Structures are given as C-alpha cells and as structure tokens.
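This report concerns only the one structure given below.
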Amino acid sequence: MIEARSLSKRFQDKKRGEIRAVDNVSFTCHPGKIYGLLGANGAGKTTTLRMLATILEPTDGTAIINGHDIVEQPEKVRSCVGFLSTATALYPRLTSQEMVEYFGRLNGLDEPTLKKRIDEIFNRLDMNEFRDRRCDKLSTGQKQKTSIARTLVHDPPVMIFDEPTNALDIMTARSIVDFIRECRDRGKTVIFSTHIMSEVEKLCDTIGIIQSGKLLTEGTLAQLRDKHGEHDLEEIFVKVVAPHYVAEEAR
Amino acid sequence: MSARNIGIVYRKELTEALRDRRTLITMFVVPLVLFPLLSVGFGAVITAVIGKAKEESPKIMIKGGEDSPAVVAGLKKVEKIQIVPLDPDWKNKIINKEVPVVIEIPAGFEQNLADQKEQTVTIDDYEGDLKSEIAKDKIEKYFHDYRDTVVKERLAARSIPATVLKPFELKQQNVAPPEKSGGALFFGGFIAYIVVFLCLNGGMHPAMDLTAGEKERGTMETILSSPISRAHLVFGKFLLVLSTALATAGLSVISMGVSFAIANALHTKPIQEGDSGMTFHIGFGAALSVFIMAIPLAVLFAAVLITISSFAKSYKEAQSYIMPLLFLVIIPAIAAMIPGVELSAKLALVPILNVSLLCKELVIGTYHWNYIAIIFASTCVYAAVALFLAIKMFQRESVLFRS
C-alpha cells in the first residue's frame, strides 16, 4: 500500500527562484489496484514518483509504503519497491542475467533464492535466448524485458512506473501494459504516471490528475465522469487542467 | 558499513571495467608499453644517434690560415675530421647543416703568435645541433692543446716553471655512491613523475564512467532505486577507481624494473645512465617502496576523481573538469624533478609533490623514515577528506539530478 501524505518538493533555480515541483499532494494506492497519475510534461509526476521511490527526498510531507516511511526508512522502502521508467537504463557491459543478478543481490537475495527467481522470471518473460547477451547488444524489446526482470527479481509488493511506455514502439509498449496489469492481478500495489489517456482508461482503477505540482482531482473513471460532466477522459483532463495551465503559462 | 553491499557494487564495477576497452588500455597497455619504450627503445635510439654522430668524420672548413701552415697542418691531423675547401656561402652551409663547423683563423696568426700579439680564433657553429656540437668540441680541444703548448714553450724560453701559471690543480671527486648521484638523481624524479601520472591516468576514465557516465546513460536512476545506501554505492565505486589506479601504478613499477633490467642486460646504455658511466637499475625493495607510497596517493586521486566527475552531467563535461586537475598533478610532479628541490618538513605536507620527492629518494635507495611517516599520514588525511566529500556529493540531489 502507498499512502502519500502532503508530499511537497521545492527546487531552487538560479533564474526562476523557488520552484514548487510537487505541492501538498496526498493520495492512497491499495494492493491489487492501479493508481494512474495523469499529467502533462512538467506537471510533477516524475518528481512525485521519484519521492515515492526515495530517489528524491521530500521537502515537506511524507509517504508510507508498505508500512515504511520514505523519509525515515528509505532503504527499507526501496527493498519493497520495484521502480521502472524509460530513464532507468541498463548497464551496457553487463549481460541481461548479470544485470538482474546485480539487483537481486543488492536486494539481499541469497544465491540459491536468486538463481531460482532468475530462472522463474527468465522463463516467464521468455528471456532465455538472450540471457548471456550484453545489454548494449539487446533490442529495445529485450532491454525492456530485462528492465522488467530487474524490477521483479526481489518480488516487490509495490510497483512504481514512471511513464514506462514513453517513446517505445507499439509492441514493446503493449508488453509493458500487459506487465502492469499482471502486477495488479498478482495483488501488487501499482502506481504509474503517464500522459497517454488510452493507457489510463485501459488500466487504472483510480486516476489522479496532476498539474503544476498539485493533485487537482482524483477518483475512478466513472467518478471523474460524474464529477466533471464529461465522458471522454481527454475532455475531463482538459477541463480540469486548463485553468491552471493558462495561469502557469501567463506566469 | 555493509561490506556485502560494497562488495556487490565493487564486483559489478570490476566486471564492467574489465570489459571496457578504454579502461584496459590505460590500465595495462600504457604502463606495459610506455616503460619499455622509454628505457629500451628510446634509450637505444638515443645511444645509436649519438654513437653514429661521434663516429662520423665531420667536414670542416677553414677561413684564413693560408699564412699559418703549421696550425692548418695540425688541424688536418686531428682524428675523425675532414678539412674541405672553404665555400664562399659557408654561413648558409652551417645553417643548412651541410657543414657543422667553420674555423676562422685571423690573418698572420702564426706571426702574431711569434710576436705575442693578442688575437682570436673563431669557431662558427650551429648551437644545439648534435653534429655541430661534436665537431666544435674536437676543434676546441685541438686549439686548447695548441695554446697550452705555446704557453709551455714561452715559459720554458724564459726558464719559468709551469707551476707559475698553475700553482695548484683543482679536482672534483664524487663521494656519493654512483647509483645515488648524477643521472640517477634526475631519473629518480622522472620515474616518480611517471608513476604519479599513470596512477592518476589509471583512475581517470573509470571515475568519469562510473559517475558522469552513469548519469548520461540513465543507469544512475536505476541504481538509486535499489536498496543500497549511497555511501555504500560511492565506496564500491571508489574501490574500483582505486583498484585501477593502483593496478596502473603497480604495473608501471613492475614494467619499469623489468625494462631497466632488460635495457642494462642489452647494454643499450639507456637514458638513465649518468655521466659517471654507472648502470642504473631499480631493485625490488625500491620498486616495492615506490608502490607502497603510491597507495595513499591513489586513494587521494580516486576520491578526488570521483568527487569531481560526479558533479558533471556527462562524460564530456567530466573530462573538462578533470583536465585542470591533470595540470595540478603534473606541476608538482615535475617540480620534484627540479635539481635542488629536496624533501623538507614543509614540503612533506604538500600533496603530490611530497610523494614525488619521496619516490625520487626511494628509487635511489634513500629512506627518510620521518618524512615517510609524515607523507603517509598527511596523504591519508587528504584522501579521507576527499572521500568524505565524494560521499557528500553523492547525497546531494542537486548534484545527482543536475540538469
């Protein structure tokens, strides 16, 4: 379970002064459910997810992930989280198997458990053909599978996906979407950010719309339709975000 | 500190480093090729060039001297020179290195000698040109001997003993052991410089690759999402950079010892040979001492390299930060080669210069234990500070996610 409590992140910029990348954001994600964080570029999605993954430290507020506080126990949080984004690349000179082994070991798995887990994941994701191939020689799809295996190796109960399908071809993006769905079906708590409406409609149990670092609205797709009087998610998004977007542009 | 996690990071970084061509080249090829080239190759080439120039009989022109047949006849008898007719364009012949030397004998030279009049013989040469220098030395020696003979004859004619002009002899005698003086002193400094430089060079690429390179490739975010603490992560990376720096320094020392042994065995009179004609070699003890003193220096370099390059956004940016560091290291290392710059209590606290000066002494077998202790301790302190900064750097979001 993920419970974000008034999460805030401010950055100092030499030209623009203080930037509120995330401003007092609170939400809850439940096991076996997918929470979709929908927002335009620069809305604060990545910063929010990086804070949840403890890559960044919140300026104010906190979040509790599987009973661990992200500020107080970041290492414990990381051990129960699988984080995947298009920015989380692979080590080019390691083989696909070495890459997954490395993260398994860092997550504290002993060698027999690690071997068992790797065989299991490599069979499930059909990765045996390229398990000894260096990551810099893999195709985009094979790289993505290796990244997935890396996030799954320690079988984390919480999965965080930051725009995982960004700039991927249709087939690779589809395999990622299937993987996210599979995580939910296995009872994991899943949060993922995107700006692609169709993915949100297909996958998310709860949708949060974020703009200028603020969580403007949240609910199931049906709840959002009722609340904003629109059927199409894109229309709902524009209706919610537009006033803030215009104000931000004016600034 | 979790040794397990540090070990995991170190093992992974080592695996990657050993598959990286650039790391392998700086770690193995440079020390294993550079020293043999410097000692055997370069030494042999220099010896051959000098030997050939000495064996040649340079063509020498004489301007004047028609009225001084004895001097000209004497010159013709000098070994390994050829007297050729004067060319009117003799100055250009020297400039074009066709003739190494022209001797200008003043008119009425022998008559003036007899009359005891003051006069000057001029040797026109090409300063800095090896063949011209060798020819000039031969001519100079001839005229010095000739002048001494004339002086002796004049003194004898007046029944004055030669000791009137030379009341005593002045003799210089080197009491320092041959392996610790002359060329050995200079070359000790040179070896220290090479070891210091290669030690830094060995750690440079891995440090940039493991920090700025990771940011550039996007693997930094990947590793930061794993449960390892940032201190452990930095420590694992630091140990890898230290290993490559030490491996480069170690291989340099081994290569240095083996190369000089081969050079001496081949009698190529390598460049380390001093004026006294002794053969210079590096003993096992000296090589080991140089390597031991390179350890704290490598720790310092590894920590500084990690700190600086982790600030950069890309490998290229890291390179531009590291270049000034290269000069900061080279300058004190070169300063250690300057004659007269010796170890003192103050200099023992100056990083890099202290180790370079000490290595210079160690190579020739001199052990100043008090300085060794100061240098080892001070370098360890500097290294610890640099490592602390590297860990702090990795804990700053503004550094890790600089855009």
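All residue names refer to the structure tokens as shown: chains lettered A, B, ... in order, residues numbered from 1 in each chain, ligands numbered from 1 in order.
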For chain B versus chain A, which residues have an atom no more than 7 Å away, and what is each residue's nearest atom pair and distance in Å rounded to one decimal, using only C-alpha atoms, chain-then-number order, as a tab-separated table?
```
residue	atom	partner	partner_atom	distance
B:Asn5	CA	A:Leu106	CA	6.4
B:Glu16	CA	A:Arg93	CA	5.4
B:Arg19	CA	A:Arg93	CA	6.6
B:Arg217	CA	A:Ala89	CA	6.7
B:Gly218	CA	A:Ala89	CA	5.0
B:Thr219	CA	A:Ala89	CA	4.8
B:Glu221	CA	A:Thr88	CA	5.6
B:Thr222	CA	A:Thr88	CA	4.6
B:Leu224	CA	A:Ile55	CA	5.9
B:Ser225	CA	A:Ile55	CA	6.1
B:Ser226	CA	A:Arg78	CA	5.8
B:Pro227	CA	A:Glu75	CA	4.8
B:Ile228	CA	A:Leu106	CA	6.2
B:Ser229	CA	A:Glu75	CA	6.8
B:Glu397	CA	A:Leu56	CA	6.7
```
**Request:** Please identify all polymer residues within 7 Å of stretch 214-231 of chain A, counting only C-alpha atoms, omitting same-chain residues fewer than 6 positions from it, and present them as a ChimeraX atom specification.
**Result:** /A:22-25,205-208
**Request:** Apply DSSP to the structure's backbone, then extract all residues of stretch 107-200 of chain A labelled alpha helix (DSSP H) and return them as a VMD selection string.
**Result:** chain A and resid 111 to 124 140 to 152 170 to 185 197 to 200
**Message:** Please compute the atom CA of B:Met204-atom CA of B:Val241 distance, one decimal, in Å.
**Reply:**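 One can read the atom CA of B:Met204 to atom CA of B:Val241 distance as 7.8 Å.
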**Asked** Distance atom CA of B:Ile6-atom CA of B:His232, one decimal place?
**Response**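 Atom CA of B:Ile6 sits 5.3 Å away from atom CA of B:His232.
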**Request:** Output as an NGL selection string all residues of stretch 17-248 of chain B that backbone DSSP marks as strand (DSSP E or B).
**Result:** :B and (59-64 or 82-84 or 101-105 or 122-125)
**Residue nearest A:Gln142 - candidates A:Gly17, A:Ser96, A:Arg184, A:Asn123, atoms counted: only C-alpha atoms** =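 Closest to A:Gln142, using only C-alpha atoms: A:Ser96.
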**Prompt:** stretch 32-42 of chain A: which residues within 7 Å, counting only C-alpha atoms, same-chain residues fewer than 6 positions away excluded, as a list in words?
**Reply:**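 Here the answer would be Arg184, Asp185, Arg186, Gly187, Lys188, Thr189, Val190, Ile191, Phe192, Ser193, Thr194, His195, Val200, Leu203, Cys204, Asp205, Thr206, Ile207, Gly208, Ile209, Ile210 and Gln211 of chain A.
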**Message:** Using only C-alpha atoms, which protein or nucleic acid residues come within 9 Å of A:Ile176? Drop anything in the same chain fewer than 6 positions from it, and give the result as a list of chain:residue names.
**Reply:**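 Answer for this query is A:Gln144, A:Lys145, A:Ile148, A:Pro164, A:Thr165.
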**Asked** Neighbours of stretch 348-355 of chain B within 7 Å (only C-alpha atoms; same-chain residues fewer than 2 positions away dropped), as a list in words?
**Response**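 The residues satisfying every condition are Met293, Val329, Pro332, Ala333, Ala336, Leu343, Ser344, Ala345, Lys346, Leu357, Leu358, Cys359, Tyr371, Ile374, Ile375, Ser378 and Thr379 of chain B.
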**Request:** Tell me, as a VMD selection string, which residues lie within 9 Å of B:Ile191, counting only C-alpha atoms; anything in the same chain fewer than 6 positions away does not count.
**Result:** chain B and resid 253 256 356 359 to 360 363
**Asked** So how far away is atom CA of B:Gly189 from atom CA of B:Pro339, in Å?
**Response** 9.3 Å
**Item:** Who sits within 10 Å of B:Pro36, only C-alpha atoms, same chain under 2 positions skipped, as a list in words
**Value:**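 These residues fall inside the cut-off: Pro31, Leu32, Val33, Leu34, Leu38, Ser39, Val40, Gly41, Phe42, Gly43, Ser255, Met256, Gly257, Val258, Ser259, Phe260, Ile262 and Ala263 of chain B.
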